[in-house]
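Worksheet: one structure, shown below.
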There are 2 protein chains.
Amino acid sequence: MFSSLVAPSGGIETPALVLDETALLNNIEMMAQRAAATGVRLRPHAKTHKCLEIARRQMAAGAIGISCATVDELSCLSDAGIVGLLLTSPVADPAKLPRLANIMRASRIMLVVDHIHQVTALSSLLDDASICPDLLIDIDVGQGRTGVCSISAALDIAAHITTTAMRLVGIQGFAGHVQHIHDAAERSGSARDVARQLKAYAEALRAAGHDIAHITGSGTGASEFDCDGPYTELQVGSYIFMDADYGAVRQSGGVALPFKPSLFVLATVTSINRAGSVTIDAGVKALAFNGPPPTLIIGAPAGSTYRFAGDEHGIITIPPGGAVPAVGSRVLVLTTHCDPTVNLHPRYTVFREDQSIESWPVVGRYQF
Amino acid sequence: MFSSLVAPSGGIETPALVLDETALLNNIEMMAQRAAATGVRLRPHAKTHKCLEIARRQMAAGAIGISCATVDELSCLSDAGIVGLLLTSPVADPAKLPRLANIMRASRIMLVVDHIHQVTALSSLLDDASICPDLLIDIDVGQGRTGVCSISAALDIAAHITTTAMRLVGIQGFAGHVQHIHDAAERSGSARDVARQLKAYAEALRAAGHDIAHITGSGTGASEFDCDGPYTELQVGSYIFMDADYGAVRQSGGVALPFKPSLFVLATVTSINRAGSVTIDAGVKALAFNGPPPTLIIGAPAGSTYRFAGDEHGIITIPPGGAVPAVGSRVLVLTTHCDPTVNLHPRYTVFREDQSIESWPVVGRYQF
């Protein structure tokens, strides 16, 4: 469907972040159906899209809320009236507390903690009776980044929370290390191991009298397996866009994930003086560096590949015999890694089914 | 000098791009002296800093103008009244021509071309007599990205330019592949090879009757050698900041480059539950991924190293016996690669000699 979108792009300055709304809506609907079929709920992650228009479409498809990675994202979504917000990173920066307090005066939100220090810092905000976040204990399920590393540490934090006016309502375990395992059987095994850990934490906390109503985590790669529990909700992100790495992830049966690539960077061919390649105006400042080189390049011959050539330049290698695009012509390059690519752009240029073009702002980039 | 800057950073939200003005001014002055000693001029590159306040300090130190990589940068600097602007990338995007025309109505600028197509496209703007850019022919001196690859191609473009109202005023050869060679003798040899190529192009064009007044190129790494010519000016960029990679580049005699690290990302320690490491709130969206891991981390024990742990997280490995920073404490991480790190942030938080703190906007990120 997207192959028809290069030609009418003439008026758009490049490099530009380009979104195929038809593919986006297809992906949102497909994940909503996957969840509905098993009873698990969705709290999709805004760190992927940073976009109110996309969050609203996820909510319209049945999501119970939106996950955020930063106070900037949380602030933008809260200001826009989006409810059911969860901040998935522990807040430790004392300079952020005033802004967080403002958000909590307007919205009931969930926060994660992995250390008593964070609970104490949040307690300092509770003099204002309109502020009372629900807390989740963040569990390190193997990623080695945030979260507690033992059930006893979780029990200590839970006991500490009960001494405050805040409520402990659940646990989070984000298995970032599992999502991108290409082989389905290997990924399924890792996902089951994470699920077992979260079940053990939940049982121990419940045995100590805590109400663990929410078990949140997962992502696009493991969502096929994590619908079976113990998760009550999935923080899926990349399924809306897909990218060069997720294109290599297989689901059960060895087939590709059912989501369609919807996000590309539109670029202009700037230099064609070297045989076998052309240079485009999309480099490290337009496409995130931390992903595999895209091989889906619409507007270039099949078999073309992209590589970085500095901050503002990329090189497309054209296979032997392939037609070389002219200077000034356009290509659409699949994103390397979708989340940090979005973060490089101020807006999406959205191509809609009826051939109209909209502009959707990217919000919540570091802004303070 | 910067080691004293962690403590007073309490009110600043993290992650934040932090600049030591004393080190910045030292670097600007040192490069200005290097150029003045040899008679070569400086047209420092705004792709590194995207900052009017820094461009003005470079001009005040004697720069003849500022180089820009994009029309966005060019537009912001021109609007701010900065003169002597050179766009170092060939413009091929037809959607950019109206904006470029507006800039050229206000400022006399230099543009590079590497294909007759670009000359023809620019010619289409000349009906407005107030528009008349000076052109440089871009030469591929071995980077394989933009530029002509032969003297005959340069002569063809030069002949074509003479059929328009535009003036050919020089050549550009940017040796991006040379700047980061760590060994001084090897880098010097590569720089001399590039210089020989540019000399041959200039001689051939002059023999054909063209006035090659400007020979522009070079960068921080090769500037020590390129002061000797044939360059009339150097497009130095990273010397103002330095970064993890430039820290490993040696100058003649095997010593470090004389410029001081001035640019850091201030981050907060968010999680400390794993022995031997702590997690901070600066990841792929705060520090450019395309550079070596920084080993200069102020506020963490000597010998600490940084690695990425996702979009919003990084992990600092603490050497055995090193004191573990507390949750909520601050560290300053040297930037991985300075240019694309700046591009991730909306502003610099500038620490000045007198302990005052200023905010300098980052301008000219992709914005259309």
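Each chain of the structure tokens is named A, B, ... in the order shown, its residues numbered from 1; ligands are numbered from 1 in display order.
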
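Proximity to B:Phe174 at 8 Å, evaluated using only C-alpha atoms and with sequence-adjacent residues fewer than 2 positions away removed, yields Ile139, Asp140, Val141, Gln143, Gln172, Gly176, Thr216, Gly217, Ser218 and Gly219 of chain B.
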
Taking the chain letters and numbering used in this document, name the residues of stretch 228-322 of chain B that DSSP puts in strand (DSSP E or B), as a ChimeraX atom specification.
/B:233-234,250,256,263-271,277-280,297-298,305-308,314-317

Rounded to one decimal in Å, what is the spacing between atom CA of B:Val278 and atom CA of A:Ala175?
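These two atoms are separated by 18.2 Å.
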
Rank A:Thr349, A:Ser223, A:Thr336, A:Gln58 by their smallest atom-to-atom distance to A:Ala248, using only C-alpha atoms, and report the top residue only.
A:Thr336

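Restricting the calculation to only C-alpha atoms, the smallest distance between chain A and any of B:Tyr366, B:Tyr201, B:Phe264, B:Tyr246 is found for B:Tyr366.
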
Taking the DSSP assignment computed from this structure's backbone, write out as a CSV table (one decimal) with N, CA, C and O atoms, in the first residue's frame all residues of stretch 154-300 of chain B that belong to helix (DSSP H, G or I).
chain,number,residue,atom,x,y,z
B,154,ALA,N,34.4,18.0,-12.5
B,154,ALA,CA,34.5,19.3,-11.9
B,154,ALA,C,34.5,20.4,-13.0
B,154,ALA,O,33.8,21.4,-13.0
B,155,LEU,N,35.3,20.1,-14.1
B,155,LEU,CA,35.4,21.1,-15.2
B,155,LEU,C,34.1,21.2,-15.9
B,155,LEU,O,33.7,22.3,-16.3
B,156,ASP,N,33.3,20.1,-16.1
B,156,ASP,CA,32.0,20.2,-16.7
B,156,ASP,C,31.0,21.0,-15.9
B,156,ASP,O,30.3,21.9,-16.5
B,157,ILE,N,31.0,20.8,-14.6
B,157,ILE,CA,30.1,21.6,-13.8
B,157,ILE,C,30.5,23.1,-13.8
B,157,ILE,O,29.7,24.0,-13.9
B,158,ALA,N,31.8,23.3,-13.7
B,158,ALA,CA,32.3,24.7,-13.7
B,158,ALA,C,31.9,25.4,-15.0
B,158,ALA,O,31.4,26.6,-15.0
B,159,ALA,N,32.0,24.7,-16.1
B,159,ALA,CA,31.6,25.3,-17.4
B,159,ALA,C,30.1,25.6,-17.4
B,159,ALA,O,29.7,26.6,-17.9
B,160,HIS,N,29.4,24.7,-16.8
B,160,HIS,CA,27.9,24.9,-16.8
B,160,HIS,C,27.6,26.1,-15.9
B,160,HIS,O,26.7,26.9,-16.2
B,161,ILE,N,28.3,26.3,-14.8
B,161,ILE,CA,28.0,27.4,-13.9
B,161,ILE,C,28.2,28.7,-14.7
B,161,ILE,O,27.5,29.7,-14.5
B,176,GLY,N,35.9,13.7,5.9
B,176,GLY,CA,35.3,13.1,7.2
B,176,GLY,C,36.0,11.8,7.6
B,176,GLY,O,36.1,11.5,8.8
B,177,HIS,N,36.5,11.1,6.6
B,177,HIS,CA,37.2,9.8,6.9
B,177,HIS,C,38.6,10.0,7.6
B,177,HIS,O,39.1,9.0,8.1
B,178,VAL,N,39.1,11.2,7.6
B,178,VAL,CA,40.4,11.4,8.1
B,178,VAL,C,40.4,11.9,9.5
B,178,VAL,O,41.3,11.6,10.3
B,179,GLN,N,39.4,12.7,9.9
B,179,GLN,CA,39.4,13.4,11.1
B,179,GLN,C,39.6,12.5,12.4
B,179,GLN,O,40.2,13.0,13.4
B,184,ALA,N,48.6,10.0,14.9
B,184,ALA,CA,48.9,11.3,14.3
B,184,ALA,C,49.6,11.2,13.0
B,184,ALA,O,49.3,11.9,12.0
B,185,ALA,N,50.6,10.2,12.9
B,185,ALA,CA,51.3,10.1,11.6
B,185,ALA,C,50.4,9.6,10.5
B,185,ALA,O,50.5,10.0,9.4
B,186,GLU,N,49.6,8.6,10.9
B,186,GLU,CA,48.6,8.1,9.9
B,186,GLU,C,47.6,9.2,9.4
B,186,GLU,O,47.3,9.3,8.2
B,187,ARG,N,47.1,9.9,10.4
B,187,ARG,CA,46.2,11.0,10.0
B,187,ARG,C,46.8,12.1,9.2
B,187,ARG,O,46.3,12.6,8.2
B,188,SER,N,48.1,12.4,9.5
B,188,SER,CA,48.8,13.4,8.8
B,188,SER,C,49.0,12.9,7.3
B,188,SER,O,48.8,13.7,6.4
B,189,GLY,N,49.3,11.7,7.1
B,189,GLY,CA,49.5,11.1,5.8
B,189,GLY,C,48.2,11.2,5.0
B,189,GLY,O,48.2,11.6,3.8
B,190,SER,N,47.1,10.8,5.6
B,190,SER,CA,45.8,10.9,4.9
B,190,SER,C,45.5,12.3,4.6
B,190,SER,O,44.9,12.6,3.5
B,191,ALA,N,45.7,13.2,5.5
B,191,ALA,CA,45.4,14.7,5.3
B,191,ALA,C,46.2,15.2,4.2
B,191,ALA,O,45.7,16.0,3.3
B,192,ARG,N,47.5,14.8,4.1
B,192,ARG,CA,48.4,15.3,3.0
B,192,ARG,C,47.9,14.8,1.6
B,192,ARG,O,47.9,15.5,0.6
B,193,ASP,N,47.4,13.5,1.6
B,193,ASP,CA,46.8,13.0,0.4
B,193,ASP,C,45.6,13.8,-0.1
B,193,ASP,O,45.4,14.1,-1.3
B,194,VAL,N,44.7,14.1,0.9
B,194,VAL,CA,43.6,14.9,0.5
B,194,VAL,C,44.0,16.3,0.0
B,194,VAL,O,43.4,16.8,-1.0
B,195,ALA,N,45.0,16.9,0.7
B,195,ALA,CA,45.5,18.2,0.3
B,195,ALA,C,46.0,18.2,-1.2
B,195,ALA,O,45.7,19.1,-1.9
B,196,ARG,N,46.7,17.1,-1.5
B,196,ARG,CA,47.2,17.0,-2.9
B,196,ARG,C,46.1,16.9,-3.9
B,196,ARG,O,46.2,17.6,-4.9
B,197,GLN,N,45.0,16.2,-3.5
B,197,GLN,CA,43.9,16.1,-4.5
B,197,GLN,C,43.3,17.5,-4.7
B,197,GLN,O,43.0,17.9,-5.8
B,198,LEU,N,43.1,18.2,-3.6
B,198,LEU,CA,42.4,19.5,-3.7
B,198,LEU,C,43.3,20.5,-4.5
B,198,LEU,O,42.8,21.3,-5.3
B,199,LYS,N,44.6,20.4,-4.3
B,199,LYS,CA,45.5,21.2,-5.1
B,199,LYS,C,45.4,21.0,-6.6
B,199,LYS,O,45.3,21.9,-7.4
B,200,ALA,N,45.3,19.7,-6.9
B,200,ALA,CA,45.2,19.3,-8.3
B,200,ALA,C,43.9,19.8,-8.9
B,200,ALA,O,43.9,20.3,-10.1
B,201,TYR,N,42.8,19.7,-8.2
B,201,TYR,CA,41.5,20.2,-8.7
B,201,TYR,C,41.6,21.7,-8.9
B,201,TYR,O,41.1,22.3,-9.9
B,202,ALA,N,42.1,22.4,-7.9
B,202,ALA,CA,42.2,23.9,-7.9
B,202,ALA,C,43.0,24.3,-9.2
B,202,ALA,O,42.7,25.2,-9.9
B,203,GLU,N,44.2,23.6,-9.4
B,203,GLU,CA,45.0,24.0,-10.5
B,203,GLU,C,44.3,23.8,-11.8
B,203,GLU,O,44.4,24.6,-12.7
B,204,ALA,N,43.6,22.7,-12.0
B,204,ALA,CA,43.0,22.4,-13.2
B,204,ALA,C,41.8,23.4,-13.5
B,204,ALA,O,41.7,23.8,-14.6
B,205,LEU,N,41.1,23.7,-12.4
B,205,LEU,CA,40.0,24.7,-12.6
B,205,LEU,C,40.6,26.1,-12.9
B,205,LEU,O,40.1,26.8,-13.8
B,206,ARG,N,41.7,26.5,-12.3
B,206,ARG,CA,42.3,27.8,-12.6
B,206,ARG,C,42.9,27.8,-14.0
B,206,ARG,O,42.7,28.8,-14.7
B,207,ALA,N,43.4,26.7,-14.4
B,207,ALA,CA,44.0,26.6,-15.8
B,207,ALA,C,42.9,26.8,-16.8
B,207,ALA,O,43.1,27.3,-17.9
B,223,SER,N,43.1,19.5,11.5
B,223,SER,CA,43.4,20.9,11.5
B,223,SER,C,44.8,21.2,11.8
B,223,SER,O,45.4,22.2,11.2
B,224,GLU,N,45.5,20.4,12.6
B,224,GLU,CA,46.9,20.6,12.9
B,224,GLU,C,47.7,20.6,11.6
B,224,GLU,O,48.7,21.3,11.5
B,225,PHE,N,47.3,19.7,10.6
B,225,PHE,CA,48.1,19.6,9.4
B,225,PHE,C,47.6,20.5,8.3
B,225,PHE,O,48.3,20.9,7.4
B,226,ASP,N,46.3,20.7,8.3
B,226,ASP,CA,45.7,21.4,7.1
B,226,ASP,C,45.9,23.0,7.2
B,226,ASP,O,45.5,23.6,6.2
B,238,SER,N,34.1,19.9,16.0
B,238,SER,CA,34.1,19.3,17.4
B,238,SER,C,35.1,19.8,18.4
B,238,SER,O,34.9,19.6,19.6
B,239,TYR,N,36.1,20.6,17.9
B,239,TYR,CA,37.1,21.2,18.9
B,239,TYR,C,36.5,21.9,20.0
B,239,TYR,O,37.1,22.0,21.1
B,240,ILE,N,35.3,22.5,19.8
B,240,ILE,CA,34.7,23.3,20.9
B,240,ILE,C,34.2,22.4,22.1
B,240,ILE,O,34.1,22.9,23.2
B,246,TYR,N,37.0,11.7,20.2
B,246,TYR,CA,38.2,12.7,20.0
B,246,TYR,C,39.1,12.6,21.2
B,246,TYR,O,40.3,13.0,21.0
B,247,GLY,N,38.7,12.1,22.3
B,247,GLY,CA,39.6,11.9,23.5
B,247,GLY,C,40.7,10.9,23.2
B,247,GLY,O,41.8,10.9,23.8
B,248,ALA,N,40.5,10.0,22.2
B,248,ALA,CA,41.5,9.0,21.8
B,248,ALA,C,42.3,9.4,20.7
B,248,ALA,O,43.3,8.8,20.3

So the first atom is atom CA of B:Trp360 and the second is atom CA of A:Arg99; what is the distance between them in Å, to one decimal place?
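Distance reported for this atom pair: 21.8 Å.
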
Separation of atom CA of B:His210 from atom CA of B:Val113, in Å and rounded to one decimal:
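A separation of 15.4 Å between them.
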
Could you pull the residues within 8 Å of B:Cys51, counting only C-alpha atoms, minus those fewer than 3 positions along the same chain, as a compact mmCIF listing (two decimals) with all heavy atoms, in the first residue's frame?
# COMPACT_ATOMS: atom_id res chain seq x y z
N ALA B 46 28.44 24.73 12.21
CA ALA B 46 27.28 24.77 13.11
C ALA B 46 26.61 23.42 13.28
O ALA B 46 25.80 23.26 14.19
CB ALA B 46 26.26 25.78 12.60
N ILE B 54 26.99 30.16 20.56
CA ILE B 54 28.33 29.63 20.28
C ILE B 54 28.86 30.19 18.96
O ILE B 54 30.02 30.59 18.86
CB ILE B 54 28.32 28.08 20.30
CG1 ILE B 54 27.93 27.59 21.69
CG2 ILE B 54 29.68 27.53 19.87
CD1 ILE B 54 27.78 26.08 21.80
N ALA B 55 27.99 30.26 17.94
CA ALA B 55 28.42 30.84 16.66
C ALA B 55 28.93 32.27 16.86
O ALA B 55 29.96 32.66 16.29
CB ALA B 55 27.26 30.81 15.67
N TRP B 360 20.99 28.14 26.76
CA TRP B 360 21.19 28.52 25.35
C TRP B 360 20.40 27.55 24.47
O TRP B 360 20.66 26.34 24.50
CB TRP B 360 22.68 28.43 24.97
CG TRP B 360 23.59 29.42 25.65
CD1 TRP B 360 23.23 30.45 26.48
CD2 TRP B 360 25.02 29.48 25.54
NE1 TRP B 360 24.35 31.13 26.89
CE2 TRP B 360 25.46 30.56 26.32
CE3 TRP B 360 25.96 28.71 24.85
CZ2 TRP B 360 26.82 30.88 26.45
CZ3 TRP B 360 27.31 29.04 24.96
CH2 TRP B 360 27.73 30.12 25.76
N PRO B 361 19.46 28.04 23.66
CA PRO B 361 18.67 27.12 22.83
C PRO B 361 19.50 26.39 21.78
O PRO B 361 20.45 26.96 21.22
CB PRO B 361 17.65 28.05 22.16
CG PRO B 361 17.62 29.28 23.00
CD PRO B 361 18.99 29.42 23.57
N VAL B 362 19.14 25.15 21.51
CA VAL B 362 19.63 24.43 20.34
C VAL B 362 18.65 24.76 19.21
O VAL B 362 17.44 24.58 19.38
CB VAL B 362 19.66 22.90 20.60
CG1 VAL B 362 20.02 22.15 19.33
CG2 VAL B 362 20.64 22.57 21.72
N VAL B 363 19.17 25.27 18.10
CA VAL B 363 18.30 25.68 16.99
C VAL B 363 18.59 24.84 15.76
O VAL B 363 19.61 24.18 15.66
CB VAL B 363 18.48 27.18 16.66
CG1 VAL B 363 18.15 28.05 17.87
CG2 VAL B 363 19.90 27.47 16.15

Excluding B:Cys338 and any residue of its chain fewer than 5 positions from it, enumerate the residues within 8 Å of it, using only C-alpha atoms, and give them as a list in words.
Thr48, Ser238, Phe241, Met242, Asp243, Leu263 and Ala288 of chain B

When you look at B:Pro15 with a cut-off of 9 Å (counting only C-alpha atoms), what residues show up, excluding the ones that are within fewer than 6 positions of it in the same chain? I need them as a PDB file with N, CA and C atoms, in the first residue's frame.
ATOM      1  N   TYR A 366      12.660  15.551  25.258  1.00  0.00           N
ATOM      2  CA  TYR A 366      13.229  16.272  26.396  1.00  0.00           C
ATOM      3  C   TYR A 366      13.042  17.760  26.153  1.00  0.00           C
TER       4      TYR A 366
ATOM      5  N   VAL B 265      26.486  15.193  29.574  1.00  0.00           N
ATOM      6  CA  VAL B 265      25.065  15.019  29.881  1.00  0.00           C
ATOM      7  C   VAL B 265      24.947  14.785  31.386  1.00  0.00           C
ATOM      8  N   LEU B 266      24.173  15.648  32.023  1.00  0.00           N
ATOM      9  CA  LEU B 266      23.892  15.507  33.453  1.00  0.00           C
ATOM     10  C   LEU B 266      22.766  14.494  33.609  1.00  0.00           C
ATOM     11  N   ALA B 267      22.973  13.513  34.483  1.00  0.00           N
ATOM     12  CA  ALA B 267      21.981  12.451  34.663  1.00  0.00           C
ATOM     13  C   ALA B 267      21.790  12.173  36.148  1.00  0.00           C
ATOM     14  N   THR B 268      20.673  11.547  36.477  1.00  0.00           N
ATOM     15  CA  THR B 268      20.366  11.171  37.859  1.00  0.00           C
ATOM     16  C   THR B 268      20.459   9.649  38.009  1.00  0.00           C
ATOM     17  N   ILE B 280      21.268   5.028  35.341  1.00  0.00           N
ATOM     18  CA  ILE B 280      20.990   6.471  35.274  1.00  0.00           C
ATOM     19  C   ILE B 280      19.925   6.737  34.207  1.00  0.00           C
ATOM     20  N   ASP B 281      19.382   7.958  34.241  1.00  0.00           N
ATOM     21  CA  ASP B 281      18.264   8.284  33.351  1.00  0.00           C
ATOM     22  C   ASP B 281      18.725   8.905  32.032  1.00  0.00           C
ATOM     23  N   ALA B 282      19.849   8.456  31.516  1.00  0.00           N
ATOM     24  CA  ALA B 282      20.334   8.927  30.213  1.00  0.00           C
ATOM     25  C   ALA B 282      20.653   7.719  29.342  1.00  0.00           C
ATOM     26  N   GLY B 283      19.848   7.537  28.292  1.00  0.00           N
ATOM     27  CA  GLY B 283      20.062   6.427  27.361  1.00  0.00           C
ATOM     28  C   GLY B 283      20.180   6.931  25.941  1.00  0.00           C
ATOM     29  N   ALA B 286      19.281  10.444  25.001  1.00  0.00           N
ATOM     30  CA  ALA B 286      20.006  11.551  25.642  1.00  0.00           C
ATOM     31  C   ALA B 286      21.467  11.620  25.209  1.00  0.00           C
TER      32      ALA B 286
END

Measuring atom to atom with only C-alpha atoms, identify which of B:Ser356, B:Gln235, B:Asn27, B:Thr279 is nearest to B:Gly328.
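Going through B:Ser356, B:Gln235, B:Asn27, B:Thr279 one by one, the smallest distance to B:Gly328 is for B:Thr279.
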
Who sits within 10 Å of B:Ala35, only C-alpha atoms, same chain under 3 positions skipped, as number ranges by chain
B: 29-32, 38-42, 62-63, 223-224, 226-228, 233-234

Take the selection from the previous step and output its residues with all heavy atoms, as a compact mmCIF listing (two decimals), in the first residue's frame.
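The resulting file, again-v1.txt, is shown below:
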# COMPACT_ATOMS: atom_id res chain seq x y z
N GLU B 29 39.35 29.90 21.61
CA GLU B 29 40.55 30.73 21.55
C GLU B 29 41.75 29.95 21.03
O GLU B 29 42.53 30.45 20.21
CB GLU B 29 40.84 31.30 22.95
CG GLU B 29 42.05 32.20 23.02
CD GLU B 29 41.96 33.40 22.07
OE1 GLU B 29 40.83 33.83 21.77
OE2 GLU B 29 43.03 33.87 21.61
N MET B 30 41.87 28.69 21.46
CA MET B 30 43.03 27.89 21.05
C MET B 30 43.01 27.62 19.55
O MET B 30 44.04 27.70 18.87
CB MET B 30 43.00 26.58 21.84
CG MET B 30 44.24 25.76 21.66
SD MET B 30 44.47 24.67 23.06
CE MET B 30 44.72 25.87 24.37
N MET B 31 41.84 27.31 18.99
CA MET B 31 41.77 27.07 17.54
C MET B 31 41.98 28.38 16.78
O MET B 31 42.62 28.38 15.72
CB MET B 31 40.43 26.44 17.16
CG MET B 31 40.31 26.02 15.70
SD MET B 31 41.45 24.70 15.16
CE MET B 31 40.48 23.23 15.58
N ALA B 32 41.46 29.47 17.31
CA ALA B 32 41.67 30.78 16.66
C ALA B 32 43.16 31.11 16.59
O ALA B 32 43.66 31.60 15.58
CB ALA B 32 40.91 31.87 17.42
N THR B 38 49.05 30.64 11.26
CA THR B 38 49.41 30.15 9.92
C THR B 38 48.73 30.93 8.81
O THR B 38 49.01 30.71 7.64
CB THR B 38 49.00 28.67 9.78
OG1 THR B 38 47.60 28.56 10.02
CG2 THR B 38 49.75 27.81 10.77
N GLY B 39 47.81 31.80 9.14
CA GLY B 39 47.16 32.60 8.10
C GLY B 39 45.91 31.97 7.52
O GLY B 39 45.22 32.58 6.71
N VAL B 40 45.60 30.72 7.88
CA VAL B 40 44.37 30.11 7.38
C VAL B 40 43.19 30.69 8.15
O VAL B 40 43.34 31.13 9.31
CB VAL B 40 44.43 28.56 7.52
CG1 VAL B 40 44.22 28.13 8.97
CG2 VAL B 40 43.45 27.88 6.60
N ARG B 41 42.04 30.76 7.51
CA ARG B 41 40.86 31.32 8.18
C ARG B 41 39.96 30.20 8.70
O ARG B 41 40.11 29.03 8.31
CB ARG B 41 40.11 32.22 7.20
CG ARG B 41 40.94 33.48 6.86
CD ARG B 41 40.41 34.24 5.68
NE ARG B 41 40.50 33.45 4.45
CZ ARG B 41 40.14 33.91 3.25
NH1 ARG B 41 39.68 35.14 3.11
NH2 ARG B 41 40.24 33.14 2.18
N LEU B 42 39.04 30.56 9.57
CA LEU B 42 38.12 29.56 10.14
C LEU B 42 36.69 29.90 9.74
O LEU B 42 36.27 31.05 9.83
CB LEU B 42 38.22 29.54 11.66
CG LEU B 42 39.57 29.15 12.28
CD1 LEU B 42 39.47 29.18 13.81
CD2 LEU B 42 40.01 27.76 11.80
N GLY B 62 37.19 35.74 15.64
CA GLY B 62 37.86 35.94 14.36
C GLY B 62 37.39 35.08 13.20
O GLY B 62 37.92 35.20 12.09
N ALA B 63 36.41 34.20 13.42
CA ALA B 63 35.93 33.37 12.31
C ALA B 63 35.37 34.26 11.20
O ALA B 63 34.79 35.32 11.47
CB ALA B 63 34.85 32.40 12.80
N SER B 223 43.06 19.50 11.53
CA SER B 223 43.36 20.94 11.48
C SER B 223 44.83 21.23 11.76
O SER B 223 45.38 22.20 11.24
CB SER B 223 42.46 21.70 12.47
OG SER B 223 42.69 21.27 13.79
N GLU B 224 45.45 20.39 12.57
CA GLU B 224 46.88 20.59 12.86
C GLU B 224 47.72 20.56 11.59
O GLU B 224 48.72 21.28 11.48
CB GLU B 224 47.35 19.48 13.82
CG GLU B 224 48.81 19.54 14.20
CD GLU B 224 49.26 18.30 14.98
OE1 GLU B 224 48.44 17.39 15.19
OE2 GLU B 224 50.45 18.25 15.36
N ASP B 226 46.27 20.75 8.27
CA ASP B 226 45.65 21.44 7.14
C ASP B 226 45.87 22.95 7.16
O ASP B 226 45.53 23.64 6.20
CB ASP B 226 44.15 21.13 7.08
CG ASP B 226 43.88 19.68 6.71
OD1 ASP B 226 44.80 19.03 6.14
OD2 ASP B 226 42.77 19.19 6.97
N CYS B 227 46.44 23.47 8.24
CA CYS B 227 46.79 24.89 8.27
C CYS B 227 47.83 25.23 7.19
O CYS B 227 47.95 26.38 6.79
CB CYS B 227 47.37 25.26 9.64
SG CYS B 227 46.12 25.37 10.93
N ASP B 228 48.56 24.21 6.72
CA ASP B 228 49.64 24.44 5.76
C ASP B 228 49.13 24.61 4.32
O ASP B 228 49.91 24.85 3.41
CB ASP B 228 50.63 23.28 5.80
CG ASP B 228 51.26 23.12 7.17
OD1 ASP B 228 51.32 24.13 7.91
OD2 ASP B 228 51.67 22.00 7.50
N GLU B 233 40.52 28.00 4.19
CA GLU B 233 39.72 28.05 5.41
C GLU B 233 39.41 26.64 5.90
O GLU B 233 39.37 25.69 5.11
CB GLU B 233 38.41 28.79 5.16
CG GLU B 233 37.55 28.14 4.08
CD GLU B 233 36.23 28.86 3.87
OE1 GLU B 233 36.27 30.03 3.45
OE2 GLU B 233 35.18 28.25 4.15
N LEU B 234 39.19 26.52 7.20
CA LEU B 234 38.92 25.21 7.82
C LEU B 234 37.51 25.21 8.43
O LEU B 234 37.13 26.13 9.14
CB LEU B 234 39.93 24.92 8.92
CG LEU B 234 41.42 25.09 8.58
CD1 LEU B 234 42.29 24.65 9.77
CD2 LEU B 234 41.80 24.30 7.33

Which residues, written as an MDAnalysis selection string, have at least one atom at most 8 Å from B:Val350, with only C-alpha atoms counted and residues fewer than 3 positions away on the same chain left out?
chainID B and resid 18:21 357:360

Write the residues of the selection above to a file with N, CA and C atoms, as a PDB file, in the first residue's frame.
ATOM      1  N   VAL B  18      24.817  19.733  29.289  1.00  0.00           N
ATOM      2  CA  VAL B  18      25.489  20.701  30.157  1.00  0.00           C
ATOM      3  C   VAL B  18      26.812  21.131  29.516  1.00  0.00           C
ATOM      4  N   LEU B  19      27.039  22.434  29.488  1.00  0.00           N
ATOM      5  CA  LEU B  19      28.218  22.982  28.828  1.00  0.00           C
ATOM      6  C   LEU B  19      29.026  23.814  29.821  1.00  0.00           C
ATOM      7  N   ASP B  20      30.315  23.578  29.836  1.00  0.00           N
ATOM      8  CA  ASP B  20      31.257  24.343  30.673  1.00  0.00           C
ATOM      9  C   ASP B  20      31.765  25.509  29.817  1.00  0.00           C
ATOM     10  N   GLU B  21      31.282  26.718  30.074  1.00  0.00           N
ATOM     11  CA  GLU B  21      31.638  27.848  29.203  1.00  0.00           C
ATOM     12  C   GLU B  21      33.125  28.157  29.236  1.00  0.00           C
ATOM     13  N   ILE B 357      24.306  30.295  35.886  1.00  0.00           N
ATOM     14  CA  ILE B 357      23.846  29.277  34.943  1.00  0.00           C
ATOM     15  C   ILE B 357      22.962  29.945  33.900  1.00  0.00           C
ATOM     16  N   GLU B 358      23.243  29.676  32.604  1.00  0.00           N
ATOM     17  CA  GLU B 358      22.425  30.214  31.519  1.00  0.00           C
ATOM     18  C   GLU B 358      21.814  29.080  30.723  1.00  0.00           C
ATOM     19  N   SER B 359      20.812  29.412  29.938  1.00  0.00           N
ATOM     20  CA  SER B 359      20.196  28.443  29.034  1.00  0.00           C
ATOM     21  C   SER B 359      20.360  28.939  27.611  1.00  0.00           C
ATOM     22  N   TRP B 360      20.993  28.143  26.758  1.00  0.00           N
ATOM     23  CA  TRP B 360      21.194  28.522  25.352  1.00  0.00           C
ATOM     24  C   TRP B 360      20.402  27.550  24.468  1.00  0.00           C
TER      25      TRP B 360
END

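Using only C-alpha atoms for every distance, the candidate list A:Thr270, A:Val169, A:Glu312, A:Ala300 yields A:Glu312 as the residue closest to A:Val284.
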
Could you check the closest approach to chain B for each of A:Ile109, A:Leu24, A:Leu168, A:Ala153 and tell me which residue wins, using only C-alpha atoms?
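The closest residue to chain B is A:Ala153.
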